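The next block holds one structure in the form of structure tokens; read it before the comments.
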Amino acid sequence: QLQLTHMRLGFNVGANDAEAVLRSLPSIALRYRAHDEVTRALAVWCQSQPQFVQVLHPALPNSPGHAHWKAVCVNGPGGAAGLFSVVIAPQFDQARVDAFCEALRFFRIGWSWGGPISLVVPYRLETMRSVWPAHIAQGTVVRFAIGLESKADLQADLEQALQVLV
């Protein structure tokens, strides 16, 4: 477990990472707003797609954690950043979910977030947790980190990749 934790989180911050953070601080508010705006629009759009049985984003009223987000963020600094997840219907096996992720042209496979490039990662929760979380629908969770690409480009990309699941 220690090795897995180290692989996923790391234990130190490198000098280049610290320099990148310091260099990006002046534009963080602009980037955060851009991430948030496109992410919210895509999350709402994803709710209308039948292949997704659940969309997890704190700004969505039916999403787990919405009340907490509303109390802390809406009444506080605002925004919800650029992360959201979808649960792909359970009739689509892991191979089809992987094919969906690989069909995306603007999204790269990756674990990071907050950068200029949109990322996607499929999660196999059953390998990460001993009990399926009650607030998450059955299926495969796919996490999106929205970059600075246009909403229209990202939505069109999602639409074309969804054809893999039809």
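Order determines the names: the first chain of the structure tokens is A, the second B, and so forth; residues in each chain are numbered 1 upward, and ligands are numbered 1 upward as they are shown.
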Counting only C-alpha atoms, which residues of range 63-134 of chain A fall within 9 Å of range 27-36 of chain A, and what is the closest atom pair for each with its distance in Å at one decimal, ordered by chain and rising number, as JSON lines?
{"residue": "A:Gly79", "atom": "CA", "partner": "A:Asp36", "partner_atom": "CA", "distance": 6.1}
{"residue": "A:Ala80", "atom": "CA", "partner": "A:Asp36", "partner_atom": "CA", "distance": 5.7}
{"residue": "A:Ala81", "atom": "CA", "partner": "A:Asp36", "partner_atom": "CA", "distance": 4.5}
{"residue": "A:Gly82", "atom": "CA", "partner": "A:His35", "partner_atom": "CA", "distance": 4.7}
{"residue": "A:Leu83", "atom": "CA", "partner": "A:Asp36", "partner_atom": "CA", "distance": 8.3}
{"residue": "A:Gly114", "atom": "CA", "partner": "A:Tyr32", "partner_atom": "CA", "distance": 7.7}
{"residue": "A:Gly115", "atom": "CA", "partner": "A:Arg31", "partner_atom": "CA", "distance": 8.5}
{"residue": "A:Pro116", "atom": "CA", "partner": "A:Arg31", "partner_atom": "CA", "distance": 8.4}
For the selection you just gave me, I'd like the residues written to a file as an mmCIF file, in the first residue's frame, keeping N, CA, C and O atoms.
data_model
loop_
_atom_site.group_PDB
_atom_site.id
_atom_site.type_symbol
_atom_site.label_atom_id
_atom_site.label_comp_id
_atom_site.auth_asym_id
_atom_site.auth_seq_id
_atom_site.Cartn_x
_atom_site.Cartn_y
_atom_site.Cartn_z
ATOM 1 N N GLY A 79 -17.169 29.235 -7.336
ATOM 2 C CA GLY A 79 -16.533 28.328 -8.276
ATOM 3 C C GLY A 79 -16.528 26.885 -7.815
ATOM 4 O O GLY A 79 -16.848 26.576 -6.679
ATOM 5 N N ALA A 80 -16.216 26.016 -8.751
ATOM 6 C CA ALA A 80 -16.141 24.587 -8.457
ATOM 7 C C ALA A 80 -14.981 23.939 -9.194
ATOM 8 O O ALA A 80 -14.878 22.731 -9.222
ATOM 9 N N ALA A 81 -14.143 24.717 -9.816
ATOM 10 C CA ALA A 81 -12.941 24.245 -10.503
ATOM 11 C C ALA A 81 -13.267 23.434 -11.741
ATOM 12 O O ALA A 81 -14.362 23.535 -12.278
ATOM 13 N N GLY A 82 -12.341 22.637 -12.176
ATOM 14 C CA GLY A 82 -12.455 21.971 -13.466
ATOM 15 C C GLY A 82 -12.564 20.475 -13.430
ATOM 16 O O GLY A 82 -12.237 19.820 -14.411
ATOM 17 N N LEU A 83 -13.007 19.901 -12.328
ATOM 18 C CA LEU A 83 -13.142 18.449 -12.234
ATOM 19 C C LEU A 83 -14.599 18.044 -12.186
ATOM 20 O O LEU A 83 -15.407 18.684 -11.511
ATOM 21 N N GLY A 114 -6.091 21.048 -13.438
ATOM 22 C CA GLY A 114 -5.764 22.458 -13.311
ATOM 23 C C GLY A 114 -4.850 22.985 -14.395
ATOM 24 O O GLY A 114 -4.514 24.156 -14.402
ATOM 25 N N GLY A 115 -4.464 22.141 -15.331
ATOM 26 C CA GLY A 115 -3.572 22.586 -16.393
ATOM 27 C C GLY A 115 -4.336 23.014 -17.635
ATOM 28 O O GLY A 115 -5.568 23.021 -17.658
ATOM 29 N N PRO A 116 -3.621 23.359 -18.691
ATOM 30 C CA PRO A 116 -4.268 23.855 -19.901
ATOM 31 C C PRO A 116 -4.866 22.757 -20.787
ATOM 32 O O PRO A 116 -5.681 23.030 -21.647
#
In range 2-149 of chain A, DSSP strand (DSSP E) residues written as an MDAnalysis selection string = chainID A and resid 52:56 83:88 108:109 119:123 140:145
Selection: 9 Å around Leu162 in chain A, only C-alpha atoms, excl. self and same-chain fewer than 6 positions, as a PyMOL selection string = chain A and resi 49+51+100+103-104
Write the residues of the preceding selection, restricted to all heavy atoms, as a PDB file, in the first residue's frame.
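Output contents, as saved in again-v5.pdb:
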ATOM      1  N   GLN A  49     -27.065  12.823 -21.476  1.00  0.00           N
ATOM      2  CA  GLN A  49     -26.570  11.712 -22.286  1.00  0.00           C
ATOM      3  C   GLN A  49     -26.976  10.379 -21.639  1.00  0.00           C
ATOM      4  O   GLN A  49     -26.623  10.120 -20.479  1.00  0.00           O
ATOM      5  CB  GLN A  49     -25.054  11.790 -22.441  1.00  0.00           C
ATOM      6  CG  GLN A  49     -24.559  13.102 -23.020  1.00  0.00           C
ATOM      7  CD  GLN A  49     -25.281  13.486 -24.290  1.00  0.00           C
ATOM      8  OE1 GLN A  49     -25.323  12.732 -25.258  1.00  0.00           O
ATOM      9  NE2 GLN A  49     -25.879  14.672 -24.293  1.00  0.00           N
ATOM     10  N   GLN A  51     -25.916   7.396 -21.909  1.00  0.00           N
ATOM     11  CA  GLN A  51     -24.825   6.485 -21.541  1.00  0.00           C
ATOM     12  C   GLN A  51     -24.300   6.776 -20.135  1.00  0.00           C
ATOM     13  O   GLN A  51     -23.656   5.936 -19.524  1.00  0.00           O
ATOM     14  CB  GLN A  51     -23.670   6.579 -22.546  1.00  0.00           C
ATOM     15  CG  GLN A  51     -24.043   6.200 -23.965  1.00  0.00           C
ATOM     16  CD  GLN A  51     -24.492   7.403 -24.791  1.00  0.00           C
ATOM     17  OE1 GLN A  51     -25.033   8.392 -24.291  1.00  0.00           O
ATOM     18  NE2 GLN A  51     -24.265   7.323 -26.097  1.00  0.00           N
ATOM     19  N   PHE A 100     -13.978   4.314 -25.214  1.00  0.00           N
ATOM     20  CA  PHE A 100     -14.547   5.663 -25.157  1.00  0.00           C
ATOM     21  C   PHE A 100     -13.461   6.677 -24.792  1.00  0.00           C
ATOM     22  O   PHE A 100     -13.301   7.707 -25.457  1.00  0.00           O
ATOM     23  CB  PHE A 100     -15.696   5.711 -24.137  1.00  0.00           C
ATOM     24  CG  PHE A 100     -16.065   7.091 -23.681  1.00  0.00           C
ATOM     25  CD1 PHE A 100     -16.774   7.952 -24.512  1.00  0.00           C
ATOM     26  CD2 PHE A 100     -15.699   7.548 -22.417  1.00  0.00           C
ATOM     27  CE1 PHE A 100     -17.108   9.235 -24.090  1.00  0.00           C
ATOM     28  CE2 PHE A 100     -16.032   8.819 -21.993  1.00  0.00           C
ATOM     29  CZ  PHE A 100     -16.736   9.662 -22.836  1.00  0.00           C
ATOM     30  N   ALA A 103     -11.020   7.195 -27.558  1.00  0.00           N
ATOM     31  CA  ALA A 103     -11.584   7.856 -28.739  1.00  0.00           C
ATOM     32  C   ALA A 103     -11.582   9.376 -28.600  1.00  0.00           C
ATOM     33  O   ALA A 103     -11.742  10.093 -29.584  1.00  0.00           O
ATOM     34  CB  ALA A 103     -13.004   7.357 -28.992  1.00  0.00           C
ATOM     35  N   LEU A 104     -11.410   9.860 -27.387  1.00  0.00           N
ATOM     36  CA  LEU A 104     -11.384  11.312 -27.172  1.00  0.00           C
ATOM     37  C   LEU A 104     -10.137  11.913 -27.816  1.00  0.00           C
ATOM     38  O   LEU A 104      -9.038  11.384 -27.656  1.00  0.00           O
ATOM     39  CB  LEU A 104     -11.425  11.613 -25.669  1.00  0.00           C
ATOM     40  CG  LEU A 104     -12.734  11.251 -24.985  1.00  0.00           C
ATOM     41  CD1 LEU A 104     -12.557  11.180 -23.472  1.00  0.00           C
ATOM     42  CD2 LEU A 104     -13.831  12.237 -25.361  1.00  0.00           C
TER      43      LEU A 104
END
Dump as JSON lines the rows for residues of range 82-119 of chain A within 9 Å of range 54-68 of chain A: closest atom pair and distance in Å with one decimal, only C-alpha atoms counted, ordered by chain and rising residue number.
{"residue": "A:Leu83", "atom": "CA", "partner": "A:His57", "partner_atom": "CA", "distance": 7.4}
{"residue": "A:Phe84", "atom": "CA", "partner": "A:His57", "partner_atom": "CA", "distance": 5.0}
{"residue": "A:Ser85", "atom": "CA", "partner": "A:Leu56", "partner_atom": "CA", "distance": 5.0}
{"residue": "A:Val86", "atom": "CA", "partner": "A:Val55", "partner_atom": "CA", "distance": 4.4}
{"residue": "A:Val87", "atom": "CA", "partner": "A:Gln54", "partner_atom": "CA", "distance": 5.1}
{"residue": "A:Ile88", "atom": "CA", "partner": "A:Gln54", "partner_atom": "CA", "distance": 7.5}
{"residue": "A:Ala89", "atom": "CA", "partner": "A:Gln54", "partner_atom": "CA", "distance": 8.4}
Pro122 in chain A surroundings by only C-alpha atoms, 7 Å radius, close-in-sequence under 6 positions cut, as a ChimeraX atom specification | /A:141-143
DSSP-assigned alpha helix (DSSP H) among range 24-54 of chain A, expressed as a list in words =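 So the alpha helix (DSSP H) residues in range 24-54 of chain A would be Ser24, Ile28, Ala29, Leu30, Arg31, Tyr32, Arg33, Ala34, His35, Asp36, Glu37, Val38, Thr39, Arg40, Ala41, Leu42, Ala43, Val44, Trp45 and Cys46 of chain A.
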Next, dump the selected residues to file, keeping only N, CA, C and O atoms, as a CSV table (one decimal), in the first residue's frame.
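The resulting out39.csv:
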chain,number,residue,atom,x,y,z
A,24,SER,N,2.8,30.2,-12.2
A,24,SER,CA,1.4,30.2,-12.7
A,24,SER,C,0.5,31.0,-11.7
A,24,SER,O,-0.7,31.2,-12.1
A,28,ILE,N,-3.9,32.4,-12.0
A,28,ILE,CA,-4.7,31.3,-11.4
A,28,ILE,C,-6.2,31.7,-11.4
A,28,ILE,O,-7.0,30.9,-11.7
A,29,ALA,N,-6.5,32.9,-11.0
A,29,ALA,CA,-7.9,33.3,-10.9
A,29,ALA,C,-8.6,33.2,-12.3
A,29,ALA,O,-9.7,32.8,-12.5
A,30,LEU,N,-7.9,33.7,-13.4
A,30,LEU,CA,-8.4,33.7,-14.7
A,30,LEU,C,-8.6,32.2,-15.2
A,30,LEU,O,-9.7,31.9,-15.7
A,31,ARG,N,-7.6,31.4,-14.9
A,31,ARG,CA,-7.7,30.0,-15.3
A,31,ARG,C,-8.8,29.2,-14.6
A,31,ARG,O,-9.5,28.5,-15.1
A,32,TYR,N,-8.9,29.5,-13.3
A,32,TYR,CA,-9.9,28.9,-12.4
A,32,TYR,C,-11.3,29.2,-12.9
A,32,TYR,O,-12.1,28.3,-13.1
A,33,ARG,N,-11.6,30.4,-13.3
A,33,ARG,CA,-12.9,30.8,-13.8
A,33,ARG,C,-13.2,30.2,-15.1
A,33,ARG,O,-14.3,29.7,-15.4
A,34,ALA,N,-12.2,30.1,-16.0
A,34,ALA,CA,-12.3,29.4,-17.3
A,34,ALA,C,-12.6,28.0,-17.1
A,34,ALA,O,-13.5,27.4,-17.8
A,35,HIS,N,-11.8,27.3,-16.3
A,35,HIS,CA,-12.1,25.9,-16.0
A,35,HIS,C,-13.5,25.7,-15.5
A,35,HIS,O,-14.2,24.8,-15.9
A,36,ASP,N,-13.9,26.5,-14.5
A,36,ASP,CA,-15.2,26.3,-13.8
A,36,ASP,C,-16.3,26.5,-14.8
A,36,ASP,O,-17.3,25.7,-14.9
A,37,GLU,N,-16.3,27.5,-15.7
A,37,GLU,CA,-17.4,27.8,-16.6
A,37,GLU,C,-17.6,26.7,-17.6
A,37,GLU,O,-18.7,26.3,-17.8
A,38,VAL,N,-16.5,26.2,-18.2
A,38,VAL,CA,-16.6,25.1,-19.2
A,38,VAL,C,-17.0,23.8,-18.5
A,38,VAL,O,-17.9,23.1,-19.0
A,39,THR,N,-16.5,23.6,-17.3
A,39,THR,CA,-16.8,22.3,-16.6
A,39,THR,C,-18.3,22.3,-16.2
A,39,THR,O,-18.9,21.2,-16.4
A,40,ARG,N,-18.8,23.3,-15.7
A,40,ARG,CA,-20.2,23.3,-15.4
A,40,ARG,C,-21.1,23.1,-16.6
A,40,ARG,O,-22.1,22.3,-16.5
A,41,ALA,N,-20.8,23.7,-17.7
A,41,ALA,CA,-21.6,23.6,-18.9
A,41,ALA,C,-21.5,22.1,-19.4
A,41,ALA,O,-22.5,21.5,-19.8
A,42,LEU,N,-20.3,21.5,-19.4
A,42,LEU,CA,-20.2,20.1,-19.8
A,42,LEU,C,-20.9,19.2,-18.9
A,42,LEU,O,-21.5,18.2,-19.3
A,43,ALA,N,-20.8,19.4,-17.6
A,43,ALA,CA,-21.5,18.6,-16.6
A,43,ALA,C,-23.0,18.6,-16.8
A,43,ALA,O,-23.6,17.5,-16.8
A,44,VAL,N,-23.5,19.7,-17.1
A,44,VAL,CA,-25.0,19.8,-17.3
A,44,VAL,C,-25.3,19.1,-18.6
A,44,VAL,O,-26.3,18.3,-18.7
A,45,TRP,N,-24.5,19.3,-19.7
A,45,TRP,CA,-24.7,18.6,-20.9
A,45,TRP,C,-24.6,17.1,-20.7
A,45,TRP,O,-25.5,16.3,-21.3
A,46,CYS,N,-23.7,16.6,-20.0
A,46,CYS,CA,-23.5,15.2,-19.7
A,46,CYS,C,-24.7,14.5,-19.1
A,46,CYS,O,-25.0,13.4,-19.3
Interatomic distance (Å, one decimal) between CA of Val166 in chain A and CA of Gln91 in chain A |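 Separation between CA of Val166 in chain A and CA of Gln91 in chain A: 11.0 Å.
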Selected residue, from A:Thr140, A:Gln155, A:Ser150, A:Gln3, that lies nearest to Phe92 in chain A when counting only C-alpha atoms | A:Thr140
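Counting only C-alpha atoms, the residue from A:Gly14, A:Pro26, A:Pro90, A:Gly147 that sits nearest to Arg108 in chain A is A:Gly147.
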